[in-house]
Amino acid sequence: MSDIVPVPHGLPTDRDAGPFDPPRAITRLREARPVSPLIFPDGHEGWLVTGYEAVRTLLTDTRFSSRLDIGVLHALDADPDMPVQTEPSPQIPGLFIAMDPPDHTRLRRKLIGAFTVRRMKQLEEHIADVVERQLDEMAKMTPPVDLVKAFALPVPSLVICELLGVPYTDRDTFQTNSAKFLIKDQPLEEKMGAYGAMMGYLAELVTAKRAEPGEDILSDLARDEDLSVEELTGISFLLLLAGHETTANMLALGTFALLENPGQMATLRADPDLMQDAVEELMRYLSVADIFYRYATEDIELGGETIGAGSTVVISLLAANHDPRRFDNPDSLDIHRKARGHVSFGHGVHQCLGQQLGRVEMRAGFAGLLRRFPTLRLAVPAGEVRLRTDMNIYGVHELPVAWTETTDSPPNSRISAEQTAHTPG
């Protein structure tokens, strides 16, 4: 068929239009046909959804299943001889992101109390202190410095470890394995090896917390006898992975975007009250978690197309967040934009549980970084920054930065948590 989009080597996810823009092929598809048929590497036909309204509608329609064990996993395998699986197999306990109601509802309700707006508000001052301590350490370093290693990764890792009750001394183990797990093109046995190592570590951790619970989120969950150790392990895996990978990549890639938009960066530094809008705009603009999958459990009309039962559906949040039908001049970073309504945290029943935590971390992180390092700059040409096009969560592998020591930013200068973080909406 002439309107089928051939995808012989996988989805067009490399940001060939620039480090912050959607792939050109995705943009062309969105403009021509926001709900487009496509061919997967294994040869079967599915759908790609790129338009903002269609994405929002799809994410609220529970007839599009989130289960990865029926209509999705075969789409990720390039083996044309692999049989298409259309019947459910046993789900991985605790991985509620890949579950549908009522299983998803049961597990998510266990966690809602841990990530309320009120609780995140109470954490603001502590998160601001974590940021400042890490900036103190960075200020002692001799530039050039890798911002990922010195700041963007440690801050959310410290925060999520404290919240969950994961020893921070174990960070190298889980950071290494989570990075391996997120590599796109790798042998399945390597991906599953990294996954197995993380699950084995977390199974021991939650078993210990069930025996001797402490004052942390995993201990609170371990006290719930309704949750099995296997479910606790799966939940821990999701919270730990999402709790540091997404925010770390937003902090690093967001800093890169600001450095490449010096006018926006100067405006934000001069007016910290813009930070809340700036964070929302950066999330929209960058969309580090881009591609999601769903499975049509019946024939469903979407965007003027009929998606047949059994179809694998791919969703591009990046394309939706850059849809000119929703956002004016969407490929430009504009910190004055009211970007609320973006879908970077998803939408519907699977909307990100930790979104308020991420917002607090980003507001504190960007505010502290801009204030403490007013002369921050890239230490390499922008074209030499290594992008995470090989990973399932986008960002930069490294961000070499430098700065000039000034008397305007003494090592211990601080502002209150109220100035670095505002009440989430």
# chains A, B, ... in the order shown; residues from 1 in each chain; ligands from 1

$ select_by_dssp --residues "stretch 25-175 of chain A" --states "strand (DSSP E)" --output "ChimeraX atom specification"
/A:35-39,45-49,64-65,145-146

$ residues_around --residues "stretch 58-64 of chain A" --least-positions-apart "4" --cutoff "10 Å" --atoms "only C-alpha atoms" --output "PyMOL selection string"
chain A and resi 49+52-54+100-101+292-303+309-313+315+343+346-351

$ closest_residue --among "A:Ala242, A:Ile235, A:Val229, A:Met99" --to "A:Cys352" --atoms "only C-alpha atoms"
A:Ala242

$ residues_around --residues "A:Pro381" --least-positions-apart "6" --cutoff "12 Å" --atoms "only C-alpha atoms" --output "ChimeraX atom specification"
/A:256,259-260,399-401

$ write_last_selection --atoms "N, CA and C atoms" --output "short mmCIF file (atom, residue, chain, number, x, y, z; two decimals), in the first residue's frame"
data_model
loop_
_atom_site.label_atom_id
_atom_site.label_comp_id
_atom_site.auth_asym_id
_atom_site.auth_seq_id
_atom_site.Cartn_x
_atom_site.Cartn_y
_atom_site.Cartn_z
N PHE A 256 21.80 21.80 28.46
CA PHE A 256 22.30 21.89 27.09
C PHE A 256 21.40 22.81 26.26
N LEU A 259 21.88 26.43 27.31
CA LEU A 259 23.16 26.95 26.83
C LEU A 259 23.11 27.25 25.33
N GLU A 260 22.30 26.50 24.60
CA GLU A 260 22.15 26.72 23.17
C GLU A 260 21.11 27.81 22.87
N LEU A 399 28.04 15.94 29.27
CA LEU A 399 27.89 17.35 28.93
C LEU A 399 29.08 18.10 29.52
N PRO A 400 30.18 18.20 28.78
CA PRO A 400 31.35 18.92 29.29
C PRO A 400 31.05 20.41 29.40
N VAL A 401 31.21 20.97 30.59
CA VAL A 401 30.95 22.38 30.81
C VAL A 401 32.14 23.02 31.52
#

$ select_by_dssp --residues "stretch 227-294 of chain A" --states "helix (DSSP H, G or I)" --output "number ranges by chain"
A: 229-259, 262-270, 272-286

$ closest_atom_pairs --of "stretch 245-316 of chain A" --to "stretch 136-160 of chain A" --cutoff "12 Å" --atoms "only C-alpha atoms" --output "JSON lines"
{"residue": "A:Glu245", "atom": "CA", "partner": "A:Leu153", "partner_atom": "CA", "distance": 7.7}
{"residue": "A:Thr246", "atom": "CA", "partner": "A:Pro156", "partner_atom": "CA", "distance": 8.9}
{"residue": "A:Thr247", "atom": "CA", "partner": "A:Pro156", "partner_atom": "CA", "distance": 6.3}
{"residue": "A:Ala248", "atom": "CA", "partner": "A:Leu153", "partner_atom": "CA", "distance": 4.7}
{"residue": "A:Asn249", "atom": "CA", "partner": "A:Ala152", "partner_atom": "CA", "distance": 7.1}
{"residue": "A:Met250", "atom": "CA", "partner": "A:Ala152", "partner_atom": "CA", "distance": 8.1}
{"residue": "A:Leu251", "atom": "CA", "partner": "A:Ala152", "partner_atom": "CA", "distance": 5.3}
{"residue": "A:Ala252", "atom": "CA", "partner": "A:Ala152", "partner_atom": "CA", "distance": 5.5}
{"residue": "A:Leu253", "atom": "CA", "partner": "A:Ala152", "partner_atom": "CA", "distance": 9.2}
{"residue": "A:Gly254", "atom": "CA", "partner": "A:Ala152", "partner_atom": "CA", "distance": 9.9}
{"residue": "A:Thr255", "atom": "CA", "partner": "A:Leu147", "partner_atom": "CA", "distance": 8.9}
{"residue": "A:Phe256", "atom": "CA", "partner": "A:Leu147", "partner_atom": "CA", "distance": 9.8}

$ closest_residue --among "A:Asn177, A:Ser236, A:Thr404, A:Gln91" --to "A:Asp220" --atoms "only C-alpha atoms"
A:Ser236

$ residues_around --residues "stretch 20-37 of chain A" --least-positions-apart "5" --cutoff "8 Å" --atoms "only C-alpha atoms" --output "JSON list (two decimals) with all heavy atoms, in the first residue's frame"
[["chain", "number", "residue", "atom", "x", "y", "z"],
["A", 3, "ASP", "N", 0.30, 4.13, 1.23],
["A", 3, "ASP", "CA", 0.26, 4.96, 2.42],
["A", 3, "ASP", "C", 0.85, 4.27, 3.64],
["A", 3, "ASP", "O", 0.80, 4.78, 4.74],
["A", 3, "ASP", "CB", -1.18, 5.41, 2.74],
["A", 3, "ASP", "CG", -2.12, 4.24, 2.96],
["A", 3, "ASP", "OD1", -1.68, 3.08, 2.79],
["A", 3, "ASP", "OD2", -3.29, 4.48, 3.31],
["A", 4, "ILE", "N", 1.41, 3.08, 3.44],
["A", 4, "ILE", "CA", 2.09, 2.42, 4.54],
["A", 4, "ILE", "C", 3.52, 2.95, 4.62],
["A", 4, "ILE", "O", 4.22, 3.03, 3.62],
["A", 4, "ILE", "CB", 2.11, 0.89, 4.34],
["A", 4, "ILE", "CG1", 0.70, 0.32, 4.42],
["A", 4, "ILE", "CG2", 3.01, 0.22, 5.37],
["A", 4, "ILE", "CD1", 0.09, 0.33, 5.78],
["A", 5, "VAL", "N", 3.94, 3.31, 5.80],
["A", 5, "VAL", "CA", 5.28, 3.86, 5.98],
["A", 5, "VAL", "C", 6.26, 2.72, 6.25],
["A", 5, "VAL", "O", 6.14, 2.04, 7.27],
["A", 5, "VAL", "CB", 5.30, 4.85, 7.17],
["A", 5, "VAL", "CG1", 6.70, 5.43, 7.34],
["A", 5, "VAL", "CG2", 4.27, 5.94, 6.96],
["A", 12, "PRO", "N", 11.77, 5.74, 13.23],
["A", 12, "PRO", "CA", 12.67, 6.89, 13.03],
["A", 12, "PRO", "C", 12.73, 7.75, 14.28],
["A", 12, "PRO", "O", 12.00, 8.72, 14.44],
["A", 12, "PRO", "CB", 12.02, 7.64, 11.86],
["A", 12, "PRO", "CG", 10.56, 7.30, 11.95],
["A", 12, "PRO", "CD", 10.50, 5.90, 12.50],
["A", 13, "THR", "N", 13.63, 7.41, 15.19],
["A", 13, "THR", "CA", 13.70, 8.11, 16.47],
["A", 13, "THR", "C", 14.94, 9.00, 16.60],
["A", 13, "THR", "O", 15.01, 9.80, 17.53],
["A", 13, "THR", "CB", 13.69, 7.11, 17.64],
["A", 13, "THR", "OG1", 14.75, 6.18, 17.45],
["A", 13, "THR", "CG2", 12.37, 6.36, 17.71],
["A", 14, "ASP", "N", 15.93, 8.85, 15.71],
["A", 14, "ASP", "CA", 17.11, 9.71, 15.79],
["A", 14, "ASP", "C", 16.73, 11.14, 15.45],
["A", 14, "ASP", "O", 16.08, 11.40, 14.43],
["A", 14, "ASP", "CB", 18.20, 9.22, 14.83],
["A", 14, "ASP", "CG", 18.86, 7.94, 15.31],
["A", 14, "ASP", "OD1", 18.59, 7.55, 16.46],
["A", 14, "ASP", "OD2", 19.63, 7.34, 14.55],
["A", 15, "ARG", "N", 17.15, 12.07, 16.30],
["A", 15, "ARG", "CA", 16.73, 13.48, 16.12],
["A", 15, "ARG", "C", 17.64, 14.16, 15.08],
["A", 15, "ARG", "O", 18.50, 14.96, 15.41],
["A", 15, "ARG", "CB", 16.75, 14.19, 17.47],
["A", 15, "ARG", "CG", 15.85, 13.47, 18.48],
["A", 15, "ARG", "CD", 15.55, 14.31, 19.69],
["A", 15, "ARG", "NE", 14.78, 13.55, 20.67],
["A", 15, "ARG", "CZ", 14.10, 14.08, 21.68],
["A", 15, "ARG", "NH1", 14.07, 15.38, 21.83],
["A", 15, "ARG", "NH2", 13.44, 13.33, 22.52],
["A", 45, "GLU", "N", 2.12, -5.12, 10.28],
["A", 45, "GLU", "CA", 1.62, -3.75, 10.20],
["A", 45, "GLU", "C", 1.09, -3.27, 11.53],
["A", 45, "GLU", "O", 0.50, -4.04, 12.30],
["A", 45, "GLU", "CB", 0.52, -3.65, 9.13],
["A", 45, "GLU", "CG", 1.00, -3.96, 7.73],
["A", 45, "GLU", "CD", -0.10, -3.86, 6.70],
["A", 45, "GLU", "OE1", -1.22, -3.41, 7.05],
["A", 45, "GLU", "OE2", 0.13, -4.24, 5.54],
["A", 46, "GLY", "N", 1.30, -2.01, 11.83],
["A", 46, "GLY", "CA", 0.79, -1.39, 13.03],
["A", 46, "GLY", "C", 0.47, 0.06, 12.77],
["A", 46, "GLY", "O", 0.25, 0.45, 11.62],
["A", 47, "TRP", "N", 0.49, 0.88, 13.81],
["A", 47, "TRP", "CA", 0.12, 2.28, 13.68],
["A", 47, "TRP", "C", 1.07, 3.16, 14.47],
["A", 47, "TRP", "O", 1.58, 2.75, 15.51],
["A", 47, "TRP", "CB", -1.31, 2.51, 14.18],
["A", 47, "TRP", "CG", -2.33, 1.83, 13.31],
["A", 47, "TRP", "CD1", -2.74, 0.53, 13.38],
["A", 47, "TRP", "CD2", -3.05, 2.43, 12.23],
["A", 47, "TRP", "NE1", -3.67, 0.28, 12.41],
["A", 47, "TRP", "CE2", -3.89, 1.42, 11.69],
["A", 47, "TRP", "CE3", -3.08, 3.71, 11.67],
["A", 47, "TRP", "CZ2", -4.74, 1.67, 10.62],
["A", 47, "TRP", "CZ3", -3.93, 3.96, 10.61],
["A", 47, "TRP", "CH2", -4.74, 2.95, 10.09],
["A", 48, "LEU", "N", 1.26, 4.37, 13.97],
["A", 48, "LEU", "CA", 2.07, 5.38, 14.64],
["A", 48, "LEU", "C", 1.20, 6.61, 14.87],
["A", 48, "LEU", "O", 0.62, 7.15, 13.92],
["A", 48, "LEU", "CB", 3.29, 5.76, 13.80],
["A", 48, "LEU", "CG", 4.16, 6.91, 14.31],
["A", 48, "LEU", "CD1", 4.79, 6.54, 15.65],
["A", 48, "LEU", "CD2", 5.24, 7.25, 13.30],
["A", 49, "VAL", "N", 1.11, 7.06, 16.13],
["A", 49, "VAL", "CA", 0.26, 8.21, 16.48],
["A", 49, "VAL", "C", 1.16, 9.36, 16.88],
["A", 49, "VAL", "O", 1.94, 9.24, 17.83],
["A", 49, "VAL", "CB", -0.73, 7.84, 17.61],
["A", 49, "VAL", "CG1", -1.65, 9.02, 17.92],
["A", 49, "VAL", "CG2", -1.55, 6.62, 17.21],
["A", 50, "THR", "N", 1.04, 10.48, 16.17],
["A", 50, "THR", "CA", 1.94, 11.61, 16.37],
["A", 50, "THR", "C", 1.22, 12.92, 16.67],
["A", 50, "THR", "O", 1.85, 13.86, 17.15],
["A", 50, "THR", "CB", 2.82, 11.82, 15.12],
["A", 50, "THR", "OG1", 1.96, 11.91, 13.98],
["A", 50, "THR", "CG2", 3.77, 10.64, 14.93],
["A", 51, "GLY", "N", -0.07, 13.03, 16.36],
["A", 51, "GLY", "CA", -0.81, 14.26, 16.59],
["A", 51, "GLY", "C", -1.19, 14.43, 18.06],
["A", 51, "GLY", "O", -1.53, 13.45, 18.74],
["A", 54, "ALA", "N", -4.83, 13.27, 19.02],
["A", 54, "ALA", "CA", -4.95, 11.82, 18.91],
["A", 54, "ALA", "C", -4.20, 11.13, 20.04],
["A", 54, "ALA", "O", -4.68, 10.14, 20.61],
["A", 54, "ALA", "CB", -4.43, 11.35, 17.55],
["A", 257, "ALA", "N", 20.08, 22.62, 26.37],
["A", 257, "ALA", "CA", 19.13, 23.44, 25.61],
["A", 257, "ALA", "C", 19.23, 24.91, 26.02],
["A", 257, "ALA", "O", 19.18, 25.80, 25.16],
["A", 257, "ALA", "CB", 17.71, 22.92, 25.82],
["A", 285, "TYR", "N", 9.47, 20.70, 25.36],
["A", 285, "TYR", "CA", 10.41, 20.88, 24.28],
["A", 285, "TYR", "C", 11.32, 19.67, 24.08],
["A", 285, "TYR", "O", 11.63, 19.28, 22.96],
["A", 285, "TYR", "CB", 11.25, 22.12, 24.60],
["A", 285, "TYR", "CG", 12.25, 22.56, 23.57],
["A", 285, "TYR", "CD1", 11.87, 22.91, 22.27],
["A", 285, "TYR", "CD2", 13.60, 22.67, 23.92],
["A", 285, "TYR", "CE1", 12.81, 23.34, 21.35],
["A", 285, "TYR", "CE2", 14.55, 23.11, 23.00],
["A", 285, "TYR", "CZ", 14.15, 23.44, 21.72],
["A", 285, "TYR", "OH", 15.09, 23.88, 20.81],
["A", 286, "LEU", "N", 11.71, 19.03, 25.18],
["A", 286, "LEU", "CA", 12.70, 17.95, 25.13],
["A", 286, "LEU", "C", 12.09, 16.56, 25.10],
["A", 286, "LEU", "O", 12.62, 15.67, 24.43],
["A", 286, "LEU", "CB", 13.67, 18.07, 26.32],
["A", 286, "LEU", "CG", 14.42, 19.40, 26.40],
["A", 286, "LEU", "CD1", 15.24, 19.47, 27.68],
["A", 286, "LEU", "CD2", 15.31, 19.61, 25.18],
["A", 302, "LEU", "N", -9.83, 6.29, 15.68],
["A", 302, "LEU", "CA", -8.93, 7.29, 16.25],
["A", 302, "LEU", "C", -8.43, 8.20, 15.14],
["A", 302, "LEU", "O", -7.84, 7.73, 14.17],
["A", 302, "LEU", "CB", -7.73, 6.63, 16.95],
["A", 302, "LEU", "CG", -6.74, 7.59, 17.62],
["A", 302, "LEU", "CD1", -7.37, 8.25, 18.84],
["A", 302, "LEU", "CD2", -5.46, 6.86, 18.00],
["A", 303, "GLY", "N", -8.69, 9.48, 15.27],
["A", 303, "GLY", "CA", -8.20, 10.45, 14.30],
["A", 303, "GLY", "C", -8.65, 10.18, 12.89],
["A", 303, "GLY", "O", -7.90, 10.41, 11.94],
["A", 305, "GLU", "N", -9.19, 7.29, 11.58],
["A", 305, "GLU", "CA", -8.70, 5.99, 11.13],
["A", 305, "GLU", "C", -9.32, 4.89, 11.98],
["A", 305, "GLU", "O", -9.68, 5.11, 13.13],
["A", 305, "GLU", "CB", -7.17, 5.91, 11.24],
["A", 305, "GLU", "CG", -6.42, 7.05, 10.59],
["A", 305, "GLU", "CD", -6.36, 6.92, 9.08],
["A", 305, "GLU", "OE1", -6.79, 5.89, 8.54],
["A", 305, "GLU", "OE2", -5.84, 7.86, 8.44],
["A", 318, "LEU", "N", 7.01, 13.10, 21.85],
["A", 318, "LEU", "CA", 7.80, 14.20, 21.32],
["A", 318, "LEU", "C", 7.06, 14.88, 20.17],
["A", 318, "LEU", "O", 6.96, 16.11, 20.11],
["A", 318, "LEU", "CB", 9.16, 13.70, 20.85],
["A", 318, "LEU", "CG", 10.05, 14.70, 20.12],
["A", 318, "LEU", "CD1", 10.47, 15.84, 21.05],
["A", 318, "LEU", "CD2", 11.28, 14.00, 19.55],
["A", 319, "ALA", "N", 6.55, 14.08, 19.24],
["A", 319, "ALA", "CA", 5.82, 14.64, 18.11],
["A", 319, "ALA", "C", 4.57, 15.38, 18.58],
["A", 319, "ALA", "O", 4.26, 16.47, 18.09],
["A", 319, "ALA", "CB", 5.44, 13.54, 17.12],
["A", 322, "HIS", "N", 5.31, 18.74, 19.99],
["A", 322, "HIS", "CA", 5.76, 19.70, 18.98],
["A", 322, "HIS", "C", 4.71, 19.89, 17.89],
["A", 322, "HIS", "O", 5.03, 20.35, 16.79],
["A", 322, "HIS", "CB", 7.08, 19.24, 18.37],
["A", 322, "HIS", "CG", 8.28, 19.48, 19.22],
["A", 322, "HIS", "ND1", 9.29, 20.36, 18.89],
["A", 322, "HIS", "CD2", 8.62, 18.97, 20.43],
["A", 322, "HIS", "CE1", 10.20, 20.36, 19.85],
["A", 322, "HIS", "NE2", 9.82, 19.53, 20.80],
["A", 323, "ASP", "N", 3.46, 19.56, 18.20],
["A", 323, "ASP", "CA", 2.39, 19.69, 17.21],
["A", 323, "ASP", "C", 1.97, 21.16, 17.10],
["A", 323, "ASP", "O", 1.48, 21.74, 18.08],
["A", 323, "ASP", "CB", 1.19, 18.84, 17.64],
["A", 323, "ASP", "CG", 0.13, 18.72, 16.55],
["A", 323, "ASP", "OD1", 0.13, 19.58, 15.64],
["A", 323, "ASP", "OD2", -0.67, 17.79, 16.62],
["A", 331, "ASP", "N", 8.80, 24.30, 17.73],
["A", 331, "ASP", "CA", 10.19, 23.87, 17.70],
["A", 331, "ASP", "C", 11.14, 24.91, 18.29],
["A", 331, "ASP", "O", 12.37, 24.77, 18.21],
["A", 331, "ASP", "CB", 10.61, 23.53, 16.27],
["A", 331, "ASP", "CG", 9.86, 22.31, 15.73],
["A", 331, "ASP", "OD1", 9.36, 21.51, 16.55],
["A", 331, "ASP", "OD2", 9.77, 22.17, 14.50]]

$ closest_residue --among "A:Asp334, A:Gly234, A:Ser228, A:Ala17" --to "A:Ile92" --atoms "only C-alpha atoms"
A:Gly234

$ atom_distance --atom1 "atom CA of A:His336" --atom2 "atom CA of A:Ala278"
7.0 Å

$ residues_around --residues "stretch 191-202 of chain A" --least-positions-apart "4" --cutoff "12 Å" --atoms "only C-alpha atoms" --output "PyMOL selection string"
chain A and resi 92-95+164-167+170-187+206-209+218+229-241+391

$ residues_around --residues "stretch 114-119 of chain A" --least-positions-apart "6" --cutoff "10 Å" --atoms "only C-alpha atoms" --output "list in words"
Leu163, Leu164, Asp216, Ile217, Leu218, Asp220, Leu221, Leu353, Gly354, Gln355, Gln356, Leu357, Val360, Thr423, Pro424 and Gly425 of chain A

$ residues_around --residues "A:Ser219" --least-positions-apart "5" --cutoff "7 Å" --atoms "only C-alpha atoms" --output "JSON list (two decimals) with N, CA, C and O atoms, in the first residue's frame"
[["chain", "number", "residue", "atom", "x", "y", "z"],
["A", 209, "LYS", "N", 13.63, -5.34, 54.07],
["A", 209, "LYS", "CA", 12.74, -4.30, 54.61],
["A", 209, "LYS", "C", 11.47, -4.92, 55.18],
["A", 209, "LYS", "O", 10.89, -4.38, 56.13],
["A", 210, "ARG", "N", 11.02, -6.01, 54.59],
["A", 210, "ARG", "CA", 9.86, -6.68, 55.16],
["A", 210, "ARG", "C", 10.19, -7.23, 56.54],
["A", 210, "ARG", "O", 9.35, -7.22, 57.45],
["A", 213, "PRO", "N", 11.49, -3.16, 58.68],
["A", 213, "PRO", "CA", 11.15, -1.94, 57.93],
["A", 213, "PRO", "C", 11.72, -0.69, 58.59],
["A", 213, "PRO", "O", 11.89, -0.63, 59.80],
["A", 214, "GLY", "N", 12.03, 0.30, 57.74],
["A", 214, "GLY", "CA", 12.52, 1.58, 58.24],
["A", 214, "GLY", "C", 11.53, 2.68, 57.94],
["A", 214, "GLY", "O", 10.32, 2.45, 57.83]]
